[in-house]
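Structure below is query-v7.cif: mmCIF, C-alpha atoms and all ligand atoms.
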```
data_final
loop_
_atom_site.label_atom_id
_atom_site.label_comp_id
_atom_site.auth_asym_id
_atom_site.auth_seq_id
_atom_site.Cartn_x
_atom_site.Cartn_y
_atom_site.Cartn_z
CA MET A 242 -22.99 31.49 -12.62
CA ILE A 243 -20.44 30.07 -15.05
CA ILE A 244 -20.31 26.29 -15.05
CA ILE A 245 -16.91 24.99 -16.14
CA LYS A 246 -16.99 21.73 -18.04
CA TYR A 247 -14.05 19.42 -17.64
CA LEU A 248 -12.39 16.77 -19.72
CA HIS A 249 -11.06 13.87 -17.63
CA ILE A 250 -8.20 11.87 -19.12
CA GLY A 251 -7.25 8.42 -17.81
CA ILE A 252 -4.11 6.51 -18.88
CA ASP A 253 -2.82 3.11 -17.76
CA ASP A 254 -0.63 0.14 -18.69
CA THR A 255 2.05 1.87 -20.75
CA ASP A 256 5.14 0.54 -18.98
CA SER A 257 6.97 -2.78 -18.61
CA PRO A 258 9.56 -4.19 -16.20
CA GLU A 259 12.22 -3.11 -18.75
CA GLY A 260 11.29 0.54 -18.68
CA MET A 261 8.94 3.52 -18.80
CA CYS A 262 6.49 4.61 -16.16
CA THR A 263 2.99 5.90 -16.78
CA THR A 264 3.75 8.89 -14.50
CA TYR A 265 6.66 9.85 -16.79
CA LEU A 266 4.42 9.64 -19.82
CA ALA A 267 1.93 11.87 -18.00
CA SER A 268 4.62 14.42 -17.14
CA GLN A 269 5.67 14.54 -20.82
CA ILE A 270 2.06 15.11 -21.81
CA ILE A 271 1.74 17.88 -19.20
CA SER A 272 4.85 19.63 -20.62
CA GLU A 273 3.41 19.44 -24.12
CA PHE A 274 0.08 20.76 -22.77
CA LYS A 275 1.95 23.73 -21.25
CA ASP A 276 3.71 24.47 -24.54
CA ASN A 277 0.28 24.58 -26.15
CA GLY A 278 -1.37 26.72 -23.48
CA ILE A 279 -3.38 23.84 -21.98
CA GLU A 280 -3.60 24.10 -18.18
CA LEU A 281 -4.47 21.32 -15.76
CA ALA A 282 -7.48 22.05 -13.53
CA ASP A 283 -5.93 20.13 -10.59
CA TYR A 284 -2.81 18.13 -9.77
CA PRO A 285 -2.33 15.08 -11.97
CA ARG A 286 -3.45 11.99 -10.04
CA LEU A 287 -1.63 8.71 -9.48
CA ILE A 288 -4.21 6.13 -8.40
CA ARG A 289 -3.16 2.76 -7.00
CA LEU A 290 -5.63 -0.06 -7.65
CA ASN A 291 -6.09 -3.68 -6.56
CA PRO A 292 -2.71 -4.81 -5.18
CA PHE A 293 -3.52 -8.38 -6.30
CA ALA A 294 -4.23 -7.47 -9.97
CA ARG A 295 -2.58 -10.17 -12.09
CA PHE A 296 -1.02 -8.11 -14.86
CA LYS A 297 0.47 -5.30 -12.84
CA THR A 298 4.06 -4.30 -13.58
CA ARG A 299 4.82 -3.07 -10.06
CA GLY A 300 2.39 -1.06 -7.96
CA ASN A 301 -0.75 -1.20 -10.15
CA GLY A 302 -1.02 2.55 -10.69
CA GLY A 303 -3.11 4.45 -13.24
CA VAL A 304 -2.87 8.17 -13.96
CA SER A 305 -5.54 10.79 -14.58
CA LEU A 306 -5.49 14.42 -15.72
CA LYS A 307 -8.28 16.99 -15.65
CA ILE A 308 -8.46 19.99 -18.00
CA CYS A 309 -11.10 22.50 -19.10
CA ASN A 310 -13.22 21.11 -21.87
CA ASP A 311 -12.73 24.18 -24.09
CA ASP A 312 -11.56 24.77 -27.66
CA LYS A 313 -8.15 23.23 -26.83
CA ALA A 314 -9.65 19.91 -25.70
CA GLY A 315 -9.38 18.40 -29.20
CA LEU A 316 -5.68 19.23 -29.32
CA ALA A 317 -5.24 17.78 -25.81
CA ARG A 318 -6.77 14.48 -26.95
CA GLU A 319 -4.39 14.35 -29.93
CA ILE A 320 -1.39 15.04 -27.69
CA VAL A 321 -2.36 12.29 -25.22
CA LEU A 322 -2.89 9.66 -27.91
CA SER A 323 0.32 10.54 -29.76
CA TYR A 324 2.41 10.34 -26.55
CA VAL A 325 0.89 6.99 -25.58
CA GLU A 326 1.68 5.72 -29.13
CA LYS A 327 5.20 7.11 -28.98
CA LEU A 328 6.33 6.14 -25.47
CA SER A 329 4.47 2.96 -24.45
CA MET A 330 6.52 -0.26 -24.18
CA PHE A 331 4.58 -2.04 -26.94
CA ASP A 332 7.17 -4.83 -27.30
CA CYS A 333 6.21 -6.29 -23.93
CA ASP A 334 3.32 -8.80 -24.13
CA ASN A 335 1.95 -7.51 -20.86
CA THR A 336 1.86 -3.86 -21.92
CA ASN A 337 -1.63 -3.15 -23.21
CA PRO A 338 -2.27 0.59 -22.91
CA GLY A 339 -5.68 2.13 -22.43
CA VAL A 340 -6.75 5.78 -22.67
CA ILE A 341 -10.09 7.19 -21.55
CA PHE A 342 -11.59 10.62 -22.27
CA TYR A 343 -14.66 11.58 -20.28
CA GLU A 344 -16.56 14.88 -20.41
CA GLY A 345 -18.54 16.07 -17.43
CA GLU A 346 -19.11 15.19 -13.79
CA ILE A 347 -17.93 11.94 -12.24
CA THR A 348 -21.08 10.03 -11.27
CA ASN A 349 -21.78 7.78 -8.28
CA GLU A 350 -21.67 4.67 -10.43
CA MET A 351 -18.21 5.69 -11.67
CA ARG A 352 -17.06 6.16 -8.07
CA GLU A 353 -18.40 2.69 -7.25
CA TYR A 354 -16.57 1.26 -10.26
CA ALA A 355 -13.31 2.81 -8.99
CA PHE A 356 -13.69 1.13 -5.60
CA ARG A 357 -14.41 -2.15 -7.38
CA ALA A 358 -11.10 -1.71 -9.23
CA ILE A 359 -9.38 -1.47 -5.84
CA TYR A 360 -11.26 -4.31 -4.12
CA GLU A 361 -12.01 -6.77 -6.95
CA PHE A 362 -10.88 -7.97 -10.37
CA ILE A 363 -12.45 -6.43 -13.45
CA SER A 364 -12.19 -7.87 -16.98
CA ILE A 365 -11.35 -5.77 -20.05
CA ASP A 366 -14.83 -6.52 -21.47
CA ASP A 367 -16.58 -5.41 -18.27
CA ALA A 368 -14.53 -2.20 -18.16
CA GLU A 369 -15.32 -1.49 -21.81
CA GLU A 370 -19.02 -2.12 -21.35
CA PHE A 371 -19.08 0.06 -18.24
CA GLY A 372 -17.05 2.85 -19.91
CA LYS A 373 -19.36 2.94 -22.93
CA ALA A 374 -22.46 2.95 -20.74
CA VAL A 375 -21.31 6.02 -18.79
CA GLY A 376 -20.14 7.87 -21.92
CA CYS A 377 -16.36 7.44 -21.90
CA GLU A 378 -14.44 7.69 -25.17
CA ILE A 379 -12.31 4.54 -25.10
CA HIS A 380 -8.95 3.98 -26.80
CA LYS A 381 -7.45 0.50 -26.60
CA PHE A 382 -3.91 -0.25 -27.73
CA LYS A 383 -3.18 -3.97 -28.31
CA LYS A 384 -5.51 -5.74 -25.83
CA GLY A 385 -6.26 -2.39 -24.17
CA ARG A 386 -6.21 -3.77 -20.61
CA GLY A 387 -5.22 -0.30 -19.41
CA ILE A 388 -8.81 0.92 -19.81
CA ILE A 389 -9.65 -0.95 -16.56
CA GLY A 390 -7.30 1.25 -14.55
CA ALA A 391 -7.79 4.37 -16.69
CA ILE A 392 -11.55 4.51 -15.93
CA ALA A 393 -10.82 3.96 -12.23
CA ALA A 394 -8.09 6.64 -12.23
CA ILE A 395 -10.48 9.37 -13.38
CA SER A 396 -13.36 8.15 -11.17
CA LEU A 397 -11.91 7.53 -7.71
CA PRO A 398 -12.91 10.13 -5.09
CA LEU A 399 -9.97 11.23 -2.92
CA ASP A 400 -11.34 12.06 0.53
CA ASP A 401 -7.97 11.18 1.98
CA PHE A 402 -4.91 11.67 -0.19
CA THR A 403 -1.16 12.28 -0.20
CA TYR A 404 1.23 13.76 -2.75
CA GLU A 405 4.26 12.30 -4.48
CA LEU A 406 7.01 14.33 -6.11
CA LEU A 407 8.64 12.33 -8.91
CA THR A 408 11.83 13.46 -10.62
CA TYR A 409 12.94 11.96 -13.92
CA ARG A 410 16.34 11.03 -15.37
CA ALA A 411 17.93 11.80 -18.73
CA SER A 412 17.27 8.86 -21.08
CA GLU A 413 20.99 8.10 -21.50
CA ASN A 414 21.12 7.28 -17.77
CA TYR A 415 18.24 4.77 -17.75
CA GLY A 416 19.36 1.46 -16.28
CA THR A 417 22.53 2.91 -14.69
CA LYS A 418 23.07 3.40 -10.96
CA ARG A 419 21.18 6.45 -9.74
CA GLN A 420 23.50 9.22 -8.58
CA ILE A 421 21.69 10.27 -5.42
CA ASP A 422 23.63 11.72 -2.50
CA TYR A 423 22.38 9.47 0.31
CA GLU A 424 23.62 11.84 3.03
CA SER A 425 21.29 14.51 1.66
CA VAL A 426 18.38 12.05 1.78
CA TYR A 427 19.03 11.43 5.51
CA LEU A 428 19.15 15.19 6.04
CA MET A 429 15.93 15.69 4.09
CA ASP A 430 14.18 12.99 6.12
CA ASN A 431 15.43 14.50 9.32
CA GLU A 432 14.09 17.95 8.39
CA THR A 433 10.79 17.01 6.79
CA PHE A 434 9.49 13.79 8.45
CA PRO A 435 6.60 13.24 9.29
CA ASP A 436 5.31 15.74 6.66
CA THR A 437 7.22 13.55 4.23
CA PHE A 438 7.42 9.83 4.94
CA GLU A 439 8.65 6.50 3.55
CA ASN A 440 11.97 8.14 2.65
CA ILE A 441 14.31 5.75 4.44
CA ASP A 442 13.99 2.37 6.08
CA TYR A 443 16.33 2.88 9.03
CA SER A 444 16.08 -0.74 10.15
CA GLU A 445 17.52 -1.88 6.80
CA ASP A 446 19.51 1.28 5.96
CA TYR A 447 17.49 1.34 2.75
CA ILE A 448 16.87 4.50 0.72
CA ALA A 449 13.22 4.07 -0.22
CA ILE A 450 12.91 7.19 -2.43
CA GLU A 451 15.14 5.47 -5.00
CA PRO A 452 13.43 2.96 -7.33
CA LYS A 453 15.27 -0.28 -7.99
CA THR A 454 14.01 -0.73 -11.56
CA PRO A 455 15.38 0.68 -14.86
CA CYS A 456 12.43 3.12 -15.13
CA PRO A 457 12.84 6.87 -15.83
CA VAL A 458 12.19 7.84 -12.19
CA LEU A 459 15.24 9.20 -10.35
CA TYR A 460 13.50 9.47 -6.99
CA GLY A 461 10.02 9.83 -5.52
CA ILE A 462 9.19 11.61 -2.26
CA ARG A 463 5.85 11.09 -0.55
CA SER A 464 4.17 13.68 1.60
CA ASN A 465 1.02 15.06 3.15
CA THR A 466 1.68 18.53 1.73
CA VAL A 467 3.08 20.13 -1.40
CA ARG A 468 5.01 22.60 0.72
CA ALA A 469 6.97 19.81 2.44
CA LEU A 470 7.76 18.35 -0.99
CA GLU A 471 9.19 21.67 -2.10
CA THR A 472 11.42 21.79 0.97
CA ALA A 473 12.43 18.16 0.45
CA ARG A 474 13.30 18.69 -3.22
CA ASN A 475 15.68 21.51 -2.28
CA LEU A 476 17.41 19.29 0.27
CA VAL A 477 17.99 16.18 -1.85
CA LYS A 478 21.19 16.45 -3.87
CA VAL A 479 21.85 14.41 -6.99
CA ASN A 480 24.84 14.08 -9.30
CA GLU A 481 23.00 13.57 -12.56
CA PRO A 482 20.60 15.76 -14.54
CA ILE A 483 16.90 15.91 -13.65
CA VAL A 484 15.10 16.42 -16.95
CA ASP A 485 11.59 16.77 -15.59
CA GLU A 486 9.60 16.54 -12.36
CA CYS A 487 5.96 16.35 -11.41
CA ILE A 488 3.85 16.33 -8.25
CA PHE A 489 0.97 13.84 -8.26
CA LYS A 490 -2.04 13.76 -5.94
CA THR A 491 -2.53 10.15 -4.97
CA ASN A 492 -4.36 7.58 -2.86
CA GLN A 493 -1.00 6.13 -1.75
CA HIS A 494 -0.73 5.53 2.00
CA THR A 495 -4.43 6.02 2.70
CA ASP A 496 -5.42 2.37 3.37
CA MET A 497 -8.04 2.74 0.65
CA HIS A 498 -7.55 -0.92 -0.26
CA ILE A 499 -8.59 -2.05 3.24
CA GLN A 500 -12.23 -3.05 3.83
CA LYS A 501 -13.60 -3.46 7.36
CA ALA A 502 -14.58 -7.11 7.87
CA GLU A 503 -17.18 -7.79 10.57
CA SER A 504 -15.77 -11.28 11.08
CA ILE A 505 -13.14 -13.66 9.76
CA SER A 506 -15.65 -15.60 7.65
CA ASP A 507 -16.63 -12.36 5.83
CA MET A 508 -13.23 -12.13 4.17
CA LYS A 509 -12.49 -13.46 0.67
CA GLN A 510 -9.27 -14.46 -1.05
CA PHE A 511 -7.54 -11.57 -2.88
CA GLY A 512 -9.29 -8.99 -0.74
CA CYS A 513 -7.61 -6.60 1.73
CA TYR A 514 -9.20 -6.16 5.14
CA GLU A 515 -8.98 -5.13 8.74
CA VAL A 516 -10.42 -7.70 11.09
CA ILE A 517 -10.30 -8.45 14.81
CA GLY A 518 -9.31 -11.90 16.04
CA GLU A 519 -7.78 -13.77 18.95
CA VAL A 520 -4.30 -15.22 18.57
CA LYS A 521 -4.59 -19.00 18.61
CA ASN A 522 -0.97 -20.17 18.75
CA LYS A 523 2.53 -18.83 19.26
CA PRO A 524 3.89 -17.43 15.92
CA LYS A 525 6.41 -19.82 14.33
CA VAL A 526 9.07 -19.31 11.66
CA ILE A 527 9.21 -21.84 8.82
CA ASP A 528 11.89 -22.47 6.15
CA GLY A 529 12.51 -19.34 4.17
CA GLY A 530 12.10 -17.20 7.25
CA HIS A 531 8.36 -16.59 6.94
CA MET A 532 6.43 -16.40 10.21
CA PHE A 533 2.91 -17.78 10.65
CA PHE A 534 0.18 -18.00 13.29
CA PHE A 535 -3.60 -18.32 13.38
CA ILE A 536 -6.25 -15.91 14.62
CA PHE A 537 -9.86 -16.92 15.25
CA ASP A 538 -13.27 -15.54 16.15
CA GLU A 539 -16.71 -17.16 16.57
CA THR A 540 -17.04 -17.54 12.75
CA GLY A 541 -13.73 -19.23 11.91
CA SER A 542 -9.98 -18.91 11.82
CA ILE A 543 -7.32 -17.78 9.34
CA GLU A 544 -3.57 -18.19 9.09
CA CYS A 545 -1.67 -14.90 9.26
CA GLY A 546 1.78 -14.45 7.73
CA ALA A 547 4.63 -12.01 8.25
CA TYR A 548 6.91 -12.83 5.34
CA GLU A 549 10.70 -12.78 5.19
CA PRO A 550 10.89 -9.36 3.43
CA THR A 551 9.16 -7.80 6.45
CA LYS A 552 12.46 -8.41 8.33
CA ASN A 553 12.30 -7.01 11.89
CA PHE A 554 8.53 -6.90 11.87
CA ARG A 555 8.70 -10.68 12.38
CA LYS A 556 10.43 -10.09 15.70
CA THR A 557 7.50 -7.89 16.80
CA VAL A 558 5.02 -10.52 15.62
CA SER A 559 6.92 -13.16 17.61
CA TYR A 560 5.94 -11.30 20.82
CA LEU A 561 2.28 -12.24 20.26
CA LYS A 562 0.89 -15.06 22.37
CA PRO A 563 -2.31 -17.12 22.49
CA GLY A 564 -5.20 -15.14 23.93
CA ASP A 565 -4.06 -11.75 22.59
CA ILE A 566 -6.83 -9.87 20.81
CA ILE A 567 -5.53 -7.99 17.78
CA ARG A 568 -6.83 -6.03 14.81
CA VAL A 569 -4.88 -7.08 11.72
CA PHE A 570 -4.65 -5.12 8.46
CA GLY A 571 -3.59 -6.83 5.24
CA GLY A 572 -4.63 -8.96 2.28
CA ILE A 573 -5.48 -12.60 1.65
CA GLY A 574 -3.04 -13.85 -0.98
CA GLU A 575 -2.48 -16.84 -3.20
CA HIS A 576 -2.18 -19.44 -0.43
CA ASN A 577 -5.23 -18.13 1.44
CA THR A 578 -2.95 -16.66 4.09
CA PHE A 579 -3.61 -13.23 5.55
CA ASN A 580 -0.50 -11.21 4.68
CA ILE A 581 -0.14 -8.74 7.57
CA GLU A 582 0.68 -5.10 6.75
CA LYS A 583 0.19 -3.91 10.32
CA PHE A 584 -1.66 -4.83 13.49
CA GLN A 585 -3.09 -3.04 16.48
CA VAL A 586 -3.18 -4.66 19.90
CA ILE A 587 -6.74 -4.53 21.26
CA GLU A 588 -6.06 -6.46 24.45
CA LEU A 589 -2.98 -8.32 25.53
CA ASN A 590 -3.27 -11.57 27.37
CA ASP A 591 -1.03 -10.64 30.27
CA VAL A 592 -2.05 -13.46 32.60
CA GLU A 593 -0.26 -16.77 33.02
CA TYR A 594 -0.97 -19.62 35.45
CA GLN A 595 1.37 -21.55 37.72
CA ASN A 596 1.19 -24.18 40.44
CA PRO A 597 0.56 -22.88 43.97
CA ILE A 598 3.38 -22.44 46.51
CA CYS A 599 3.28 -24.74 49.52
CA GLU A 600 3.20 -23.40 53.14
CA CYS A 601 6.82 -24.60 53.39
CA GLY A 602 7.81 -22.28 50.51
CA LYS A 603 8.35 -24.87 47.77
CA ARG A 604 6.42 -24.70 44.45
CA MET A 605 3.99 -27.66 44.40
CA THR A 606 3.74 -30.20 41.58
CA SER A 607 0.69 -31.87 40.06
CA ALA A 608 -0.62 -34.85 42.00
CA GLY A 609 -2.13 -36.31 38.80
CA LYS A 610 -5.01 -35.35 36.55
CA ASN A 611 -7.74 -33.64 38.65
CA LYS A 612 -6.00 -34.79 41.83
CA GLY A 613 -4.76 -31.41 42.97
CA PHE A 614 -1.17 -30.63 43.94
CA LYS A 615 1.47 -32.15 46.24
CA CYS A 616 4.62 -30.81 47.80
CA LYS A 617 7.73 -32.83 47.13
CA LYS A 618 9.51 -31.26 50.12
CA CYS A 619 7.03 -31.61 53.02
CA GLY A 620 4.50 -34.01 51.49
CA LYS A 621 1.47 -31.65 51.91
CA ARG A 622 -1.39 -32.18 49.44
CA ILE A 623 -4.23 -29.89 48.33
CA SER A 624 -7.27 -31.19 46.48
CA SER A 625 -7.99 -28.17 44.21
CA SER A 626 -6.43 -28.40 40.74
CA ASP A 627 -6.81 -24.63 40.12
CA LYS A 628 -3.57 -22.98 39.12
CA ILE A 629 -2.76 -19.50 40.40
CA PRO A 630 -3.04 -16.59 37.91
CA PHE A 631 -0.25 -14.04 37.81
CA LYS A 632 0.36 -10.96 35.65
CA ILE A 633 3.27 -11.00 33.22
CA SER A 634 4.99 -8.06 31.56
CA ARG A 635 4.71 -7.92 27.77
CA LYS A 636 6.90 -6.39 25.08
CA LEU A 637 3.77 -5.17 23.23
CA GLU A 638 1.37 -2.48 24.44
CA ASN A 639 -2.41 -2.28 24.41
CA SER A 640 -3.83 0.06 21.69
CA GLN A 641 -0.45 0.33 19.94
CA PHE A 642 -0.05 -0.16 16.18
CA TYR A 643 2.89 -2.18 14.82
CA GLU A 644 3.75 -1.99 11.11
CA THR A 645 5.96 -3.59 8.48
CA PRO A 646 9.16 -1.67 7.65
CA VAL A 647 9.16 0.92 4.86
CA SER A 648 11.09 -1.44 2.55
CA ALA A 649 8.25 -4.00 2.67
CA ARG A 650 5.29 -1.64 2.67
CA ARG A 651 2.57 -1.50 0.04
CA HIS A 652 1.96 1.77 -1.82
CA LEU A 653 -1.56 1.89 -0.42
CA SER A 654 -0.69 1.05 3.21
CA LYS A 655 -1.26 3.90 5.64
CA PRO A 656 1.83 4.32 7.80
CA ILE A 657 1.40 4.88 11.52
CA CYS A 658 2.89 8.38 11.16
CA ARG A 659 -0.24 9.34 9.15
CA TYR A 660 -2.68 8.36 11.92
P1 LIG B 1 3.49 1.00 -12.55
O1 LIG B 1 3.26 0.88 -11.07
O2 LIG B 1 4.90 1.06 -12.93
O3 LIG B 1 2.67 2.09 -13.18
P2 LIG B 1 1.67 -1.04 -12.78
O4 LIG B 1 2.01 -1.98 -11.70
O5 LIG B 1 0.66 0.02 -12.59
O6 LIG B 1 2.97 -0.35 -13.24
P3 LIG B 1 0.39 -1.60 -15.23
O7 LIG B 1 1.36 -1.68 -16.33
O8 LIG B 1 -0.38 -0.35 -15.09
O9 LIG B 1 1.18 -1.98 -13.94
O10 LIG B 1 -0.60 -2.82 -15.34
C1 LIG B 1 -1.68 -3.06 -14.46
C2 LIG B 1 -2.86 -3.54 -15.28
O11 LIG B 1 -3.87 -4.05 -14.40
C3 LIG B 1 -3.49 -2.42 -16.09
O12 LIG B 1 -3.80 -2.92 -17.35
C4 LIG B 1 -4.77 -2.10 -15.34
O13 LIG B 1 -5.78 -1.60 -16.18
C5 LIG B 1 -5.10 -3.45 -14.77
N1 LIG B 1 -5.94 -3.40 -13.57
C6 LIG B 1 -5.97 -2.43 -12.63
N2 LIG B 1 -6.88 -2.73 -11.68
C7 LIG B 1 -7.42 -3.90 -12.03
C8 LIG B 1 -8.44 -4.72 -11.45
N3 LIG B 1 -9.04 -4.38 -10.33
N4 LIG B 1 -8.77 -5.85 -12.07
C9 LIG B 1 -8.14 -6.23 -13.21
N5 LIG B 1 -7.19 -5.49 -13.81
C10 LIG B 1 -6.82 -4.34 -13.22
#
```
Can you dump the structure from the file as structure tokens?
Amino acid sequence: MIIIKYLHIGIDDTDSPEGMCTTYLASQIISEFKDNGIELADYPRLIRLNPFARFKTRGNGGVSLKICNDDKAGLAREIVLSYVEKLSMFDCDNTNPGVIFYEGEITNEMREYAFRAIYEFISIDDAEEFGKAVGCEIHKFKKGRGIIGAIAAISLPLDDFTYELLTYRASENYGTKRQIDYESVYLMDNETFPDTFENIDYSEDYIAIEPKTPCPVLYGIRSNTVRALETARNLVKVNEPIVDECIFKTNQHTDMHIQKAESISDMKQFGCYEVIGEVKNKPKVIDGGHMFFFIFDETGSIECGAYEPTKNFRKTVSYLKPGDIIRVFGGIGEHNTFNIEKFQVIELNDVEYQNPICECGKRMTSAGKNKGFKCKKCGKRISSSDKIPFKISRKLENSQFYETPVSARRHLSKPICRY
């Protein structure tokens, strides 16, 4: 049996808010690999890490490539390092690229490290120590913070995954309005959803495949299958040149950032969880349009927030009422508030209580605390203070999931259409 040895390549932290994108750098490297007869052993991977990481530019994504560790591996390393040197946004203080080369099998401890990079914060020193201990060749540029994500990008197992097709613009068009024919995007969504998803936010009439930053990406389409991406690419029309394109295998939209919490007190700030709780109070909007309410269980309570950018989702949240049991998915942010990405109704509280109706047909009123009820019309009194339960209709449904709109969704959040 022939055992193929692989070289894993991880790259992160090459871009800045002013430009570049690590996926573009990867696609340039892949083109150069092709010109030199170097083949990838699998799709390039775009791995999203801790959504709360402090120094992220946008979506905290690292990239990894896997090739055969043969006589071309030395050349591959040279190509990677020269492209990172050439294209990284070194002028930005927060751009601190890191490149990792790793020969051999990904070990369990590397897989565990990758999950830590999604769930927790890791320092550059810890990443470097870990990388050296497992045998990574480490290249730091400036502070080299990118090694944190680069090690995770090569190490993360992808039991669940999606694909993203990214197309890239000609450099002279960077920063200008993207020339995408929106009608064709609606058509593409119509023909390929739910195999592709997150294309359009219909509630906001927002074209989500189009980035809003000056980066080289023209558009990105997300999908469960490569075949659907190929169909989608043929349907989307643009009026500017596409100089390159690349399909990445990714942990986007898998909920990989979400940990199952047994109880509310198990959750920590800057972690992302799913947890079950009972709604304590009617959701309320505060200045700025953010909506808040508390959930509780036997271990404690936490404030949940549906923020202004989640738009219509706040309306759905407003239908919750005290006594509803819900499973919330989201992360605990800066103000210790649970930022809801979606929720599932476990059991609606569909019972309300009212005063009894008198024999004469009139609704009775309270006769005072613990003094029962009296009828203002005929004067009848009853001694029991028990109100009468009645079933109400609700705008929410048991077992249903309710999610934030596409325009406000995290890269890692699993949309309902993927369930
Ligand atoms: P883009 O989405 O455009 O690729 P980005 O949001 O991924 O940009 P980066 O420029 O890659 O932003 O910066 C994120 C930085 O955070 C990287 O240096 C990465 O190594 C680091 N990082 C990733 N995960 C963690 C973590 N768990 N703890 C600390 N730092 C992290």
Using all atoms listed in the file, can you tell me which of A:Met351, A:Phe362, A:Ser272, A:Arg289 comes closest to ligand LIG 1 (chain B)? A:Phe362
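Among the candidate residues A:Ile462, A:Ala368, A:Ile543, A:Met508, the one lying nearest to ligand LIG 1 (chain B) is A:Ala368, with distances computed using all atoms listed in the file.
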If I wrap all listed atoms of ligand LIG 1 (chain B) in a box with edges along x, y and z and add 6 Å on each side, what are its centre and edge lengths in Å to one decimal, as lines of an AutoDock Vina configuration file?
```
center_x = -2.1
center_y = -2.1
center_z = -13.8
size_x = 25.9
size_y = 20.3
size_z = 19.0
```
With 6 Å as the cut-off and all atoms listed in the file counted, what is the closest atom pair between each nearby residue of chain A and ligand LIG 1 (chain B)? Distances in Å to one decimal, ordered by chain and number, as CSV.
```
residue,atom,partner,partner_atom,distance
A:Asp253,CA,B:LIG1,O8,5.0
A:Asp254,CA,B:LIG1,O7,3.6
A:Thr255,CA,B:LIG1,O7,5.7
A:Asp256,CA,B:LIG1,O7,5.1
A:Cys262,CA,B:LIG1,O2,5.1
A:Thr263,CA,B:LIG1,O3,5.3
A:Leu290,CA,B:LIG1,N2,5.0
A:Asn291,CA,B:LIG1,N3,4.8
A:Ala294,CA,B:LIG1,C10,5.2
A:Phe296,CA,B:LIG1,C2,4.9
A:Lys297,CA,B:LIG1,C1,3.5
A:Thr298,CA,B:LIG1,O4,3.6
A:Arg299,CA,B:LIG1,O4,3.4
A:Gly300,CA,B:LIG1,O1,3.8
A:Asn301,CA,B:LIG1,O5,3.1
A:Gly302,CA,B:LIG1,O5,3.6
A:Gly303,CA,B:LIG1,O8,5.8
A:Ala358,CA,B:LIG1,N3,3.5
A:Ile359,CA,B:LIG1,N3,5.4
A:Glu361,CA,B:LIG1,N3,5.1
A:Phe362,CA,B:LIG1,N4,3.4
A:Ile363,CA,B:LIG1,N4,4.0
A:Ser364,CA,B:LIG1,C9,5.8
A:Arg386,CA,B:LIG1,O12,4.1
A:Gly387,CA,B:LIG1,O13,3.5
A:Ile388,CA,B:LIG1,O13,5.4
A:Ile389,CA,B:LIG1,O13,3.9
A:Gly390,CA,B:LIG1,O13,3.6
```
Which residues come within 10 Å of A:Lys246, counting all atoms listed in the file, excluding same-chain residues fewer than 6 positions away, as a PyMOL selection string? chain A and resi 308-311+344-346
Now that the selection is made, can you save its residues with C-alpha atoms as a tab-separated table (two decimals), in the frame of the given file?
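Below is the file that was written, part18.tsv:
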```tsv
chain	number	residue	atom	x	y	z
A	308	ILE	CA	-8.46	19.99	-18.00
A	309	CYS	CA	-11.10	22.50	-19.10
A	310	ASN	CA	-13.22	21.11	-21.87
A	311	ASP	CA	-12.73	24.18	-24.09
A	344	GLU	CA	-16.56	14.88	-20.41
A	345	GLY	CA	-18.54	16.07	-17.43
A	346	GLU	CA	-19.11	15.19	-13.79
```
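Going from atom CA of A:Arg410 to atom CA of A:Leu328 covers 15.0 Å.
Picture a line from atom CA of A:Asn611 to atom CA of A:Ser626; it runs 5.8 Å.
Comparing A:Leu428, A:Leu470, A:Met497, A:Val304 by their smallest distance to A:Asp400, the closest is A:Met497 (using only C-alpha atoms).
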Considering all atoms listed in the file, return as a PDB file with C-alpha atoms, keeping the file's coordinate frame whatever protein or nucleic-acid residues lie within 7 Å of stretch 569-585 of chain A, sequence-local ones (same chain, fewer than 3 positions apart) excluded.
```pdb
ATOM      1  CA  GLN A 510      -9.270 -14.460  -1.050  1.00  0.00           C
ATOM      2  CA  PHE A 511      -7.540 -11.570  -2.880  1.00  0.00           C
ATOM      3  CA  GLY A 512      -9.290  -8.990  -0.740  1.00  0.00           C
ATOM      4  CA  CYS A 513      -7.610  -6.600   1.730  1.00  0.00           C
ATOM      5  CA  TYR A 514      -9.200  -6.160   5.140  1.00  0.00           C
ATOM      6  CA  GLU A 515      -8.980  -5.130   8.740  1.00  0.00           C
ATOM      7  CA  VAL A 516     -10.420  -7.700  11.090  1.00  0.00           C
ATOM      8  CA  ILE A 517     -10.300  -8.450  14.810  1.00  0.00           C
ATOM      9  CA  ILE A 543      -7.320 -17.780   9.340  1.00  0.00           C
ATOM     10  CA  GLU A 544      -3.570 -18.190   9.090  1.00  0.00           C
ATOM     11  CA  CYS A 545      -1.670 -14.900   9.260  1.00  0.00           C
ATOM     12  CA  GLY A 546       1.780 -14.450   7.730  1.00  0.00           C
ATOM     13  CA  ALA A 547       4.630 -12.010   8.250  1.00  0.00           C
ATOM     14  CA  SER A 640      -3.830   0.060  21.690  1.00  0.00           C
ATOM     15  CA  GLN A 641      -0.450   0.330  19.940  1.00  0.00           C
ATOM     16  CA  PHE A 642      -0.050  -0.160  16.180  1.00  0.00           C
ATOM     17  CA  TYR A 643       2.890  -2.180  14.820  1.00  0.00           C
ATOM     18  CA  GLU A 644       3.750  -1.990  11.110  1.00  0.00           C
ATOM     19  CA  THR A 645       5.960  -3.590   8.480  1.00  0.00           C
TER      20      THR A 645
END
```
Using all atoms listed in the file, the best pick from A:Lys501, A:Lys490, A:Lys621, A:Arg463 as closest to A:Asp430 would be A:Arg463
